[in-house]
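Participant: Just so it is clear, I am handing over upload-v1.txt, which has compact mmCIF, C-alpha atoms.
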```
# COMPACT_ATOMS: atom_id res chain seq x y z
CA MET A 873 -195.53 -52.56 17.59
CA PRO A 874 -195.34 -49.81 15.22
CA LEU A 875 -198.79 -48.59 14.31
CA TRP A 876 -198.70 -46.39 11.23
CA LYS A 877 -201.66 -44.21 10.46
CA ILE A 878 -201.46 -42.65 7.01
CA TYR A 879 -203.84 -39.79 6.24
CA HIS A 880 -203.89 -39.10 2.52
CA PRO A 881 -205.88 -37.32 -0.17
CA VAL A 882 -208.92 -39.11 -1.64
CA GLY A 883 -207.82 -41.48 -4.36
CA ALA A 884 -204.12 -40.82 -3.81
CA PHE A 885 -203.23 -44.48 -3.49
CA THR A 886 -204.49 -47.62 -5.23
CA ARG A 887 -204.82 -50.92 -3.47
CA GLU A 888 -201.51 -51.90 -5.03
CA ASP A 889 -199.84 -48.72 -3.75
CA LYS A 890 -201.08 -49.40 -0.25
CA GLN A 891 -199.92 -52.99 -0.44
CA ALA A 892 -196.49 -51.88 -1.63
CA ILE A 893 -196.12 -49.17 1.03
CA SER A 894 -197.11 -51.64 3.75
CA GLU A 895 -194.58 -54.18 2.54
CA LYS A 896 -191.83 -51.57 2.51
CA VAL A 897 -192.75 -50.38 5.98
CA THR A 898 -192.90 -53.93 7.29
CA GLY A 899 -189.51 -54.55 5.72
CA ILE A 900 -187.79 -51.86 7.82
CA TYR A 901 -189.02 -53.35 11.07
CA GLY A 902 -189.21 -57.02 10.06
CA ARG A 903 -185.51 -57.69 10.35
CA VAL A 904 -185.49 -57.05 14.08
CA MET A 905 -188.98 -58.03 15.22
CA PRO A 906 -191.88 -60.25 14.15
CA LYS A 907 -193.45 -59.02 10.92
CA PHE A 908 -196.96 -59.16 12.39
CA PHE A 909 -195.98 -56.42 14.84
CA VAL A 910 -196.32 -53.94 11.99
CA GLY A 911 -199.76 -52.40 11.49
CA VAL A 912 -200.54 -49.84 8.78
CA ILE A 913 -203.90 -48.11 8.41
CA PHE A 914 -204.68 -45.84 5.48
CA GLN A 915 -207.35 -43.18 5.71
CA GLU A 916 -208.58 -40.86 3.00
CA VAL A 917 -209.26 -37.29 4.06
CA ALA A 918 -211.34 -35.04 1.82
CA GLU A 919 -209.90 -31.66 0.93
CA ASP A 920 -212.56 -29.88 2.98
CA SER A 921 -211.44 -31.73 6.13
CA PHE A 922 -207.66 -31.50 5.82
CA PHE A 923 -205.90 -28.25 6.62
CA ILE A 924 -202.23 -27.32 6.70
CA GLY A 925 -201.34 -23.85 7.93
CA GLY A 926 -205.02 -22.91 7.90
CA LYS A 927 -205.53 -23.76 4.22
CA PRO A 928 -207.38 -26.75 2.78
CA THR A 929 -205.10 -29.27 1.10
CA GLY A 930 -205.76 -32.02 -1.39
CA ASN A 931 -202.10 -32.79 -1.74
CA PHE A 932 -200.81 -33.76 1.68
CA VAL A 933 -199.79 -37.09 3.18
CA ARG A 934 -199.63 -36.99 6.97
CA ILE A 935 -198.11 -39.98 8.70
CA TRP A 936 -198.53 -40.55 12.41
CA ILE A 937 -196.59 -43.42 14.00
CA ASP A 938 -196.62 -45.04 17.43
CA HIS A 939 -193.57 -47.10 18.32
CA ILE A 940 -194.18 -49.59 21.10
CA ALA A 941 -191.72 -52.50 20.94
CA ARG A 942 -188.58 -50.39 20.77
CA ALA A 943 -187.46 -46.93 21.84
CA PHE A 944 -184.61 -45.31 19.93
CA PRO A 945 -181.37 -45.52 21.95
CA SER A 946 -180.08 -42.17 20.65
CA ASP A 947 -180.83 -39.24 18.34
CA ASP A 948 -178.28 -40.60 15.86
CA VAL A 949 -180.19 -43.82 15.48
CA SER A 950 -183.56 -42.11 15.20
CA LYS A 951 -182.18 -39.66 12.63
CA ARG A 952 -180.91 -42.48 10.43
CA PHE A 953 -184.24 -44.25 10.79
CA ILE A 954 -186.25 -41.20 9.76
CA VAL A 955 -183.97 -40.48 6.80
CA LYS A 956 -184.44 -44.09 5.70
CA VAL A 957 -188.22 -43.97 6.11
CA ASN A 958 -188.40 -40.83 3.99
CA GLU A 959 -186.35 -42.50 1.22
CA LEU A 960 -188.49 -45.57 1.36
CA ILE A 961 -191.81 -43.75 1.01
CA ALA A 962 -190.49 -41.31 -1.61
CA PRO A 963 -192.03 -43.19 -4.57
CA TRP A 964 -195.50 -42.51 -3.08
CA THR A 965 -194.86 -39.07 -1.61
CA LYS A 966 -192.05 -36.90 -3.03
CA ASP A 967 -191.97 -38.56 -6.45
CA ARG A 968 -195.69 -37.99 -6.90
CA GLY A 969 -195.54 -34.34 -5.98
CA PHE A 970 -197.28 -34.71 -2.64
CA ASP A 971 -196.26 -32.75 0.40
CA TRP A 972 -195.74 -34.97 3.40
CA GLU A 973 -194.92 -34.97 7.09
CA LEU A 974 -194.39 -37.66 9.67
CA HIS A 975 -193.90 -37.89 13.39
CA ILE A 976 -193.32 -40.73 15.80
CA ASP A 977 -194.32 -41.17 19.41
CA GLU A 978 -192.87 -43.83 21.69
CA THR A 979 -195.40 -45.50 23.97
CA PRO A 980 -194.83 -47.87 26.93
CA PHE A 981 -193.79 -51.44 26.13
CA ALA A 982 -195.64 -52.75 29.20
CA LEU A 983 -198.96 -51.31 28.01
CA TRP A 984 -199.33 -53.50 24.94
CA SER A 985 -200.80 -56.88 24.12
CA ILE A 986 -201.42 -58.98 21.00
CA GLN A 987 -204.13 -61.65 21.04
CA GLY A 988 -204.27 -61.11 24.78
CA MET A 989 -200.59 -61.98 25.17
CA PHE A 990 -197.75 -59.75 26.30
CA PRO A 991 -195.08 -59.60 23.58
CA PRO A 992 -191.65 -60.93 24.54
CA ARG A 993 -188.80 -58.67 25.50
CA GLU A 994 -186.09 -57.90 22.99
CA GLY A 995 -183.38 -60.53 22.63
CA THR A 996 -185.24 -63.33 24.42
CA PRO A 997 -185.78 -66.88 23.09
CA ASP A 998 -189.52 -66.07 23.19
CA GLU A 999 -188.91 -63.26 20.75
CA GLN A 1000 -186.93 -65.56 18.47
CA ARG A 1001 -189.87 -67.96 18.46
CA TRP A 1002 -192.35 -65.16 17.67
CA ILE A 1003 -190.13 -64.06 14.78
CA ALA A 1004 -189.63 -67.62 13.47
CA GLU A 1005 -193.31 -68.57 13.70
CA ASN A 1006 -194.61 -65.08 12.82
CA ARG A 1007 -197.43 -65.46 15.31
CA PRO A 1008 -197.92 -64.80 19.04
CA SER A 1009 -197.60 -67.49 21.69
CA PRO A 1010 -197.44 -67.31 25.49
CA ARG A 1011 -194.38 -65.59 26.95
CA THR A 1012 -192.27 -67.84 29.16
CA HIS A 1013 -190.14 -65.14 30.81
CA ASP A 1014 -191.13 -62.56 33.35
CA MET B 1270 -209.94 -39.59 30.25
CA PRO B 1271 -209.47 -42.72 28.49
CA LEU B 1272 -210.05 -42.25 24.80
CA TRP B 1273 -210.47 -45.57 23.04
CA LYS B 1274 -210.17 -45.72 19.30
CA ILE B 1275 -211.25 -49.06 17.88
CA TYR B 1276 -210.33 -49.82 14.27
CA HIS B 1277 -212.28 -52.82 13.02
CA PRO B 1278 -213.28 -54.62 9.81
CA VAL B 1279 -216.26 -53.30 7.89
CA GLY B 1280 -219.47 -54.64 9.37
CA ALA B 1281 -217.70 -56.41 12.22
CA PHE B 1282 -219.89 -54.86 14.90
CA THR B 1283 -223.55 -53.96 15.04
CA ARG B 1284 -224.86 -50.93 16.85
CA GLU B 1285 -225.73 -53.23 19.73
CA ASP B 1286 -222.21 -54.68 19.79
CA LYS B 1287 -220.72 -51.21 19.92
CA GLN B 1288 -223.11 -50.18 22.67
CA ALA B 1289 -222.23 -53.29 24.68
CA ILE B 1290 -218.47 -52.85 24.22
CA SER B 1291 -218.71 -49.20 25.28
CA GLU B 1292 -220.66 -50.10 28.38
CA LYS B 1293 -218.13 -52.76 29.34
CA VAL B 1294 -215.25 -50.37 28.78
CA THR B 1295 -216.97 -47.64 30.76
CA GLY B 1296 -217.56 -50.15 33.52
CA ILE B 1297 -213.85 -50.79 34.07
CA TYR B 1298 -213.10 -47.13 34.57
CA GLY B 1299 -216.40 -46.00 36.03
CA ARG B 1300 -215.77 -47.30 39.52
CA VAL B 1301 -212.88 -44.91 40.06
CA MET B 1302 -213.72 -41.90 37.94
CA PRO B 1303 -216.72 -40.14 36.39
CA LYS B 1304 -218.34 -42.29 33.72
CA PHE B 1305 -218.38 -39.42 31.23
CA PHE B 1306 -214.57 -39.48 31.22
CA VAL B 1307 -214.76 -42.56 29.02
CA GLY B 1308 -214.84 -41.96 25.27
CA VAL B 1309 -215.00 -44.75 22.70
CA ILE B 1310 -214.85 -44.19 18.94
CA PHE B 1311 -215.35 -47.02 16.46
CA GLN B 1312 -213.97 -46.81 12.95
CA GLU B 1313 -214.41 -49.28 10.12
CA VAL B 1314 -211.34 -49.91 8.00
CA ALA B 1315 -211.71 -51.59 4.61
CA GLU B 1316 -209.53 -54.58 3.88
CA ASP B 1317 -207.59 -52.65 1.25
CA SER B 1318 -206.58 -50.05 3.84
CA PHE B 1319 -205.65 -52.24 6.80
CA PHE B 1320 -202.35 -54.13 6.79
CA ILE B 1321 -200.71 -56.33 9.38
CA GLY B 1322 -197.21 -57.57 8.64
CA GLY B 1323 -197.50 -56.22 5.11
CA LYS B 1324 -200.63 -58.22 4.26
CA PRO B 1325 -204.17 -56.88 3.93
CA THR B 1326 -206.49 -58.01 6.69
CA GLY B 1327 -210.26 -58.12 6.96
CA ASN B 1328 -210.11 -59.83 10.30
CA PHE B 1329 -208.25 -57.53 12.66
CA VAL B 1330 -209.39 -55.34 15.55
CA ARG B 1331 -206.79 -52.74 16.51
CA ILE B 1332 -207.41 -50.80 19.69
CA TRP B 1333 -205.49 -47.65 20.50
CA ILE B 1334 -206.02 -46.08 23.93
CA ASP B 1335 -204.94 -42.80 25.52
CA HIS B 1336 -205.04 -42.68 29.31
CA ILE B 1337 -205.15 -39.18 30.71
CA ALA B 1338 -206.70 -39.10 34.19
CA ARG B 1339 -204.53 -41.80 35.68
CA ALA B 1340 -201.08 -43.26 35.11
CA PHE B 1341 -200.44 -46.83 36.21
CA PRO B 1342 -198.45 -46.88 39.46
CA SER B 1343 -196.60 -50.10 38.53
CA ASP B 1344 -196.22 -52.81 35.88
CA ASP B 1345 -198.15 -55.20 38.12
CA VAL B 1346 -201.19 -52.96 38.09
CA SER B 1347 -201.00 -52.32 34.36
CA LYS B 1348 -200.57 -56.03 33.67
CA ARG B 1349 -203.72 -56.89 35.63
CA PHE B 1350 -205.59 -54.12 33.85
CA ILE B 1351 -204.58 -55.33 30.41
CA VAL B 1352 -205.44 -58.95 31.24
CA LYS B 1353 -208.84 -57.76 32.41
CA VAL B 1354 -209.44 -55.65 29.32
CA ASN B 1355 -208.64 -58.61 27.10
CA GLU B 1356 -211.13 -60.80 28.99
CA LEU B 1357 -213.76 -58.14 28.82
CA ILE B 1358 -213.53 -57.64 25.06
CA ALA B 1359 -213.17 -61.37 24.31
CA PRO B 1360 -216.83 -61.82 23.28
CA TRP B 1361 -216.25 -59.35 20.41
CA THR B 1362 -212.68 -60.29 19.54
CA LYS B 1363 -211.33 -63.75 20.44
CA ASP B 1364 -214.73 -65.46 20.56
CA ARG B 1365 -215.57 -64.21 17.07
CA GLY B 1366 -212.33 -65.39 15.57
CA PHE B 1367 -210.85 -61.94 15.07
CA ASP B 1368 -207.21 -61.20 15.64
CA TRP B 1369 -206.71 -58.22 17.89
CA GLU B 1370 -204.08 -55.98 19.42
CA LEU B 1371 -204.18 -53.07 21.84
CA HIS B 1372 -201.79 -50.53 23.21
CA ILE B 1373 -202.10 -47.70 25.70
CA ASP B 1374 -200.30 -44.40 25.93
CA GLU B 1375 -200.34 -42.18 29.00
CA THR B 1376 -200.67 -38.48 28.30
CA PRO B 1377 -200.28 -35.47 30.65
CA PHE B 1378 -203.09 -34.82 33.13
CA ALA B 1379 -202.48 -31.07 32.99
CA LEU B 1380 -203.07 -30.96 29.22
CA TRP B 1381 -206.71 -31.93 29.30
CA SER B 1382 -210.05 -30.18 29.62
CA ILE B 1383 -213.73 -31.08 29.44
CA GLN B 1384 -216.28 -28.41 28.54
CA GLY B 1385 -213.49 -25.92 29.03
CA MET B 1386 -212.94 -27.04 32.61
CA PHE B 1387 -209.91 -28.71 34.12
CA PRO B 1388 -210.90 -32.08 35.60
CA PRO B 1389 -210.36 -32.45 39.34
CA ARG B 1390 -207.40 -34.27 40.79
CA GLU B 1391 -207.81 -37.81 42.09
CA GLY B 1392 -209.23 -38.13 45.56
CA THR B 1393 -210.55 -34.58 45.85
CA PRO B 1394 -214.06 -33.53 46.89
CA ASP B 1395 -214.37 -32.01 43.41
CA GLU B 1396 -213.81 -35.42 41.92
CA GLN B 1397 -216.44 -36.93 44.19
CA ARG B 1398 -218.89 -34.32 42.97
CA TRP B 1399 -218.04 -35.00 39.31
CA ILE B 1400 -218.58 -38.72 39.92
CA ALA B 1401 -221.85 -38.19 41.83
CA GLU B 1402 -223.29 -35.72 39.32
CA ASN B 1403 -221.72 -37.40 36.26
CA ARG B 1404 -221.08 -34.01 34.70
CA PRO B 1405 -218.29 -31.41 34.82
CA SER B 1406 -218.40 -28.35 37.07
CA PRO B 1407 -215.74 -25.79 37.99
CA ARG B 1408 -212.79 -27.09 39.99
CA THR B 1409 -212.41 -25.47 43.39
CA HIS B 1410 -208.87 -26.65 44.17
CA ASP B 1411 -205.63 -25.60 42.60
CA MET C 984 -196.00 -29.58 14.72
CA PRO C 985 -199.29 -29.58 16.26
CA LEU C 986 -201.51 -32.18 14.67
CA TRP C 987 -205.13 -31.63 15.60
CA LYS C 988 -207.61 -34.40 15.07
CA ILE C 989 -211.19 -33.26 15.53
CA TYR C 990 -213.86 -35.96 15.84
CA HIS C 991 -217.30 -34.45 15.44
CA PRO C 992 -220.93 -35.36 14.78
CA VAL C 993 -222.01 -35.91 11.19
CA GLY C 994 -222.81 -32.60 9.56
CA ALA C 995 -221.76 -30.56 12.58
CA PHE C 996 -219.45 -28.30 10.61
CA THR C 997 -219.64 -26.82 7.13
CA ARG C 998 -216.62 -26.34 4.94
CA GLU C 999 -216.61 -22.71 6.05
CA ASP C 1000 -216.70 -23.72 9.72
CA LYS C 1001 -213.77 -26.05 9.23
CA GLN C 1002 -211.85 -23.39 7.37
CA ALA C 1003 -212.52 -20.87 10.14
CA ILE C 1004 -211.56 -23.28 12.93
CA SER C 1005 -208.33 -24.16 11.13
CA GLU C 1006 -207.44 -20.51 10.69
CA LYS C 1007 -208.07 -19.80 14.36
CA VAL C 1008 -206.01 -22.80 15.41
CA THR C 1009 -203.20 -21.84 13.06
CA GLY C 1010 -203.34 -18.35 14.49
CA ILE C 1011 -202.50 -19.49 18.02
CA TYR C 1012 -199.36 -21.26 16.90
CA GLY C 1013 -198.43 -19.13 13.92
CA ARG C 1014 -196.93 -16.30 15.91
CA VAL C 1015 -194.13 -18.49 17.25
CA MET C 1016 -193.59 -21.05 14.51
CA PRO C 1017 -194.10 -21.51 10.77
CA LYS C 1018 -197.80 -21.61 9.90
CA PHE C 1019 -197.40 -24.77 7.82
CA PHE C 1020 -196.47 -26.66 11.02
CA VAL C 1021 -200.16 -26.65 11.91
CA GLY C 1022 -202.20 -29.61 10.66
CA VAL C 1023 -205.91 -30.02 11.36
CA ILE C 1024 -207.93 -33.08 10.31
CA PHE C 1025 -211.70 -33.24 10.76
CA GLN C 1026 -213.50 -36.54 10.98
CA GLU C 1027 -217.22 -37.17 11.23
CA VAL C 1028 -218.28 -39.91 13.60
CA ALA C 1029 -221.78 -41.37 13.33
CA GLU C 1030 -223.84 -41.52 16.49
CA ASP C 1031 -223.69 -45.32 16.51
CA SER C 1032 -219.89 -45.22 16.64
CA PHE C 1033 -219.29 -42.47 19.20
CA PHE C 1034 -219.81 -43.19 22.90
CA ILE C 1035 -219.28 -41.08 25.97
CA GLY C 1036 -219.76 -42.75 29.33
CA GLY C 1037 -221.17 -45.81 27.60
CA LYS C 1038 -223.93 -43.88 25.80
CA PRO C 1039 -224.11 -43.02 22.11
CA THR C 1040 -223.68 -39.34 21.39
CA GLY C 1041 -224.54 -37.21 18.40
CA ASN C 1042 -223.52 -34.05 20.17
CA PHE C 1043 -219.88 -34.39 21.11
CA VAL C 1044 -216.73 -32.81 19.72
CA ARG C 1045 -213.60 -34.67 20.77
CA ILE C 1046 -210.28 -33.03 20.02
CA TRP C 1047 -207.02 -34.93 20.19
CA ILE C 1048 -203.79 -32.96 19.76
CA ASP C 1049 -200.14 -33.93 19.37
CA HIS C 1050 -197.60 -31.20 20.10
CA ILE C 1051 -194.21 -31.86 18.56
CA ALA C 1052 -192.28 -28.62 18.04
CA ARG C 1053 -192.67 -27.31 21.57
CA ALA C 1054 -193.23 -28.72 25.05
CA PHE C 1055 -194.89 -26.51 27.63
CA PRO C 1056 -192.29 -25.13 30.07
CA SER C 1057 -194.73 -25.17 33.01
CA ASP C 1058 -198.29 -25.95 34.07
CA ASP C 1059 -199.02 -22.21 34.20
CA VAL C 1060 -198.20 -21.82 30.54
CA SER C 1061 -200.14 -24.91 29.51
CA LYS C 1062 -203.13 -23.81 31.58
CA ARG C 1063 -203.25 -20.42 29.85
CA PHE C 1064 -202.91 -22.12 26.50
CA ILE C 1065 -205.78 -24.51 27.15
CA VAL C 1066 -208.03 -21.74 28.45
CA LYS C 1067 -207.27 -19.77 25.30
CA VAL C 1068 -207.94 -22.74 23.02
CA ASN C 1069 -211.31 -23.29 24.67
CA GLU C 1070 -212.25 -19.64 24.15
CA LEU C 1071 -211.13 -19.75 20.58
CA ILE C 1072 -213.19 -22.82 19.65
CA ALA C 1073 -216.24 -21.72 21.66
CA PRO C 1074 -218.15 -20.41 18.61
CA TRP C 1075 -218.13 -23.97 17.16
CA THR C 1076 -218.47 -25.92 20.41
CA LYS C 1077 -219.99 -24.25 23.48
CA ASP C 1078 -222.00 -21.66 21.54
CA ARG C 1079 -223.59 -24.36 19.40
CA GLY C 1080 -224.61 -26.47 22.35
CA PHE C 1081 -222.09 -29.23 21.72
CA ASP C 1082 -220.28 -30.99 24.51
CA TRP C 1083 -216.56 -31.07 23.94
CA GLU C 1084 -213.30 -32.36 25.35
CA LEU C 1085 -209.69 -31.99 24.35
CA HIS C 1086 -206.36 -33.41 25.35
CA ILE C 1087 -202.80 -32.84 24.25
CA ASP C 1088 -199.84 -35.17 24.12
CA GLU C 1089 -196.26 -34.01 23.68
CA THR C 1090 -194.16 -36.15 21.35
CA PRO C 1091 -190.39 -36.11 20.71
CA PHE C 1092 -189.02 -33.23 18.64
CA ALA C 1093 -186.27 -35.46 17.20
CA LEU C 1094 -188.80 -37.92 15.79
CA TRP C 1095 -190.35 -35.59 13.27
CA SER C 1096 -189.75 -34.56 9.68
CA ILE C 1097 -191.45 -32.43 7.03
CA GLN C 1098 -190.78 -33.09 3.36
CA GLY C 1099 -187.97 -35.34 4.53
CA MET C 1100 -186.30 -32.48 6.38
CA PHE C 1101 -185.73 -32.10 10.10
CA PRO C 1102 -187.41 -28.91 11.32
CA PRO C 1103 -185.09 -26.30 12.83
CA ARG C 1104 -184.71 -25.85 16.56
CA GLU C 1105 -186.48 -23.01 18.31
CA GLY C 1106 -184.78 -19.63 18.10
CA THR C 1107 -182.39 -20.50 15.27
CA PRO C 1108 -181.85 -18.51 12.06
CA ASP C 1109 -183.12 -21.60 10.21
CA GLU C 1110 -186.40 -21.30 12.06
CA GLN C 1111 -186.64 -17.62 11.17
CA ARG C 1112 -186.20 -18.56 7.52
CA TRP C 1113 -188.87 -21.27 7.74
CA ILE C 1114 -191.26 -18.76 9.31
CA ALA C 1115 -190.45 -16.01 6.77
CA GLU C 1116 -190.71 -18.30 3.74
CA ASN C 1117 -193.50 -20.47 5.19
CA ARG C 1118 -191.96 -23.57 3.64
CA PRO C 1119 -189.31 -26.11 4.67
CA SER C 1120 -185.70 -25.92 3.57
CA PRO C 1121 -182.59 -27.83 4.69
CA ARG C 1122 -181.47 -27.22 8.27
CA THR C 1123 -177.98 -25.76 8.54
CA HIS C 1124 -177.43 -26.38 12.26
CA ASP C 1125 -176.86 -29.64 14.08
```
What do you get writing this file as structure tokens?
Facilitator:
Amino acid sequence: MPLWKIYHPVGAFTREDKQAISEKVTGIYGRVMPKFFVGVIFQEVAEDSFFIGGKPTGNFVRIWIDHIARAFPSDDVSKRFIVKVNELIAPWTKDRGFDWELHIDETPFALWSIQGMFPPREGTPDEQRWIAENRPSPRTHD
Amino acid sequence: MPLWKIYHPVGAFTREDKQAISEKVTGIYGRVMPKFFVGVIFQEVAEDSFFIGGKPTGNFVRIWIDHIARAFPSDDVSKRFIVKVNELIAPWTKDRGFDWELHIDETPFALWSIQGMFPPREGTPDEQRWIAENRPSPRTHD
Amino acid sequence: MPLWKIYHPVGAFTREDKQAISEKVTGIYGRVMPKFFVGVIFQEVAEDSFFIGGKPTGNFVRIWIDHIARAFPSDDVSKRFIVKVNELIAPWTKDRGFDWELHIDETPFALWSIQGMFPPREGTPDEQRWIAENRPSPRTHD
């Protein structure tokens, strides 16, 4: 459901860093949805291809996120979520002296499939099974 | 109109595979809109930069799609479309043992241009001309 | 706020081209918002990974834009903006014989943060300070 795309400077993160970030990110979502919903893609961007305010940057982490499985019910909830995400990624952004920015879009639940299957709606027995088994299986509800 | 971005494991697809996938994808849209509306970009992602559920994956195809020219009129129509897309890409996903996921966003028709021109609205003579000529030309309607 | 992602042929743009494009792009937005809101990422796409209408292309510039800080108030305003953007990028697209296409999505203002801070709302003293200082600082309004 969430797809995270992380644009970062060349060499900014080791394999272990990326593993750790992905685990943290999965952890935020994984309490309320199947863990395998969470996709994270890292992409290096060379300084000559990455511009903030019209100036090349070799120090910027830009995170772009699509939320699919859930839409925030209110600005209060989204605010708490974003504060939490910023805390969680701080060891790899703020604490390393990088500048960073993130934004989230919410895309339609109906326009999404995994392994050719439509993910179950929130709160259904199907969803419980997807969470318990951590893999997709055919949806039994409408 | 549709922009497909396909993230895939390194070496997963040959040039011929990518050509074939693009033709299939263009085929779904090309009956109702100009073929040149369909853009497909492939991007390899190394296993150390691609995480699903917090674990690195060298076996995952993640497809992200923006629809611009058309919005689905109902969940029934979108469901059929997504089922069809999954069938169509099966030779390069399911049948090769890859895991795969796709999601679609719908973005505003008015915020789109090709060669500096605003694409014609659905069902107009301008659109017929764009389809017939398979190239953009100035729009004559409002 | 705006994040521009520019997919382009291998070697299409020099470092100086990219710098100049980024400055032009920043210029359009920078009169009404802090310059550092403007992010531009360039990405080369090889001809065997870039398809338009089912055919490989080594001649296409595809621009994908997310607007976050502002939504267009009307189609008239967005139309003028898009016309202007096309003029502005013409030296690196049309005038070089490239084909090109762009589309914009508008994503939620509330789901965005820079350096862990929520950007100020339009027309607030906080926003004036962000523009004047060209850096983020804590928001003092709700």
Participant: Within 6 Å of chain A, which residues of chain B show up? Give each one with its shortest atom-to-atom distance in Å (one decimal) and the two atoms involved, counting only C-alpha atoms, rows by chain then rising residue number, as a Markdown table.
Facilitator:
```
| residue | atom | partner | partner_atom | distance |
| --- | --- | --- | --- | --- |
| B:Asp1317 | CA | A:Arg887 | CA | 5.7 |
| B:Ser1318 | CA | A:Phe914 | CA | 4.9 |
| B:Phe1319 | CA | A:Ile913 | CA | 4.8 |
| B:Phe1320 | CA | A:Val912 | CA | 5.1 |
| B:Ile1321 | CA | A:Gly911 | CA | 4.6 |
| B:Gly1322 | CA | A:Phe908 | CA | 4.1 |
| B:Gly1323 | CA | A:Glu895 | CA | 4.4 |
| B:Asn1355 | CA | A:Gly988 | CA | 5.5 |
| B:Trp1369 | CA | A:Gln987 | CA | 5.3 |
| B:Glu1370 | CA | A:Ile986 | CA | 4.3 |
| B:Leu1371 | CA | A:Ser985 | CA | 5.6 |
| B:His1372 | CA | A:Trp984 | CA | 4.2 |
| B:Ile1373 | CA | A:Leu983 | CA | 5.3 |
| B:Asp1374 | CA | A:Thr979 | CA | 5.4 |
```
Participant: Write the residues you've just listed into a file as an mmCIF file, in the frame of the given file, and include C-alpha atoms for each of them.
Facilitator:
```
data_model
loop_
_atom_site.group_PDB
_atom_site.id
_atom_site.type_symbol
_atom_site.label_atom_id
_atom_site.label_comp_id
_atom_site.auth_asym_id
_atom_site.auth_seq_id
_atom_site.Cartn_x
_atom_site.Cartn_y
_atom_site.Cartn_z
ATOM 1 C CA ASP B 1317 -207.590 -52.650 1.250
ATOM 2 C CA SER B 1318 -206.580 -50.050 3.840
ATOM 3 C CA PHE B 1319 -205.650 -52.240 6.800
ATOM 4 C CA PHE B 1320 -202.350 -54.130 6.790
ATOM 5 C CA ILE B 1321 -200.710 -56.330 9.380
ATOM 6 C CA GLY B 1322 -197.210 -57.570 8.640
ATOM 7 C CA GLY B 1323 -197.500 -56.220 5.110
ATOM 8 C CA ASN B 1355 -208.640 -58.610 27.100
ATOM 9 C CA TRP B 1369 -206.710 -58.220 17.890
ATOM 10 C CA GLU B 1370 -204.080 -55.980 19.420
ATOM 11 C CA LEU B 1371 -204.180 -53.070 21.840
ATOM 12 C CA HIS B 1372 -201.790 -50.530 23.210
ATOM 13 C CA ILE B 1373 -202.100 -47.700 25.700
ATOM 14 C CA ASP B 1374 -200.300 -44.400 25.930
#
```
Participant: Using only C-alpha atoms, pick whichever of C:Pro1039, C:Gly994, C:Val1028, C:Val1044 has the shortest atom-to-atom distance to C:Lys1077.
Facilitator: C:Val1044
Participant: Take atom CA of A:Val949 and atom CA of A:Asp998 and report the distance between them in Å, one decimal.
Facilitator: 25.3 Å
Participant: My list of candidates is B:Met1302, B:Lys1348, B:Val1279, B:Pro1271. Which is closest to B:Arg1404 when distances are computed with all atoms listed in the file?
Facilitator: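 Ranking B:Met1302, B:Lys1348, B:Val1279, B:Pro1271 by distance to B:Arg1404, first place goes to B:Met1302.
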Participant: Record the distance separating atom CA of C:Tyr990 and atom CA of C:Ile1046, expressed in Å with one decimal.
Facilitator: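 Result for atom CA of C:Tyr990 versus atom CA of C:Ile1046: 6.2 Å, one decimal.
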Participant: Leaving out stretch 1078-1080 of chain C and any residue of its chain fewer than 6 positions from it, which residues lie within 10 Å of it when counting all atoms listed in the file, given as a PyMOL selection string?
Facilitator: chain C and resi 995+1042-1043+1072
Participant: Generate the output file for the selected residues, C-alpha atoms, as a PDB file, keeping the file's coordinate frame.
Facilitator:
```
ATOM      1  CA  ALA C 995    -221.760 -30.560  12.580  1.00  0.00           C
ATOM      2  CA  ASN C1042    -223.520 -34.050  20.170  1.00  0.00           C
ATOM      3  CA  PHE C1043    -219.880 -34.390  21.110  1.00  0.00           C
ATOM      4  CA  ILE C1072    -213.190 -22.820  19.650  1.00  0.00           C
TER       5      ILE C1072
END
```
Participant: Excluding B:Glu1396 and residues on its chain fewer than 4 positions from it, collect all residues at most 10 Å away from it, counting only C-alpha atoms, and give them as an MDAnalysis selection string.
Facilitator: chainID B and resid 1301:1303 1388:1392 1400:1403 1405:1406 1408
Participant: Using atom CA of A:Pro881 and atom CA of A:Ala918 as the two end points, give the distance in Å to one decimal.
Facilitator: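 So the two atoms, atom CA of A:Pro881 and atom CA of A:Ala918, lie 6.2 Å apart.
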Participant: Enclose stretch 1076-1080 of chain C, meaning all of its atoms listed in the file, in a box aligned along x, y and z, pad it by 8 Å on each side, and list the centre and edge lengths in Å to one decimal, as JSON.
Facilitator:
```
{"center_x": -221.5, "center_y": -24.1, "center_z": 21.4, "size_x": 22.1, "size_y": 20.8, "size_z": 20.1}
```
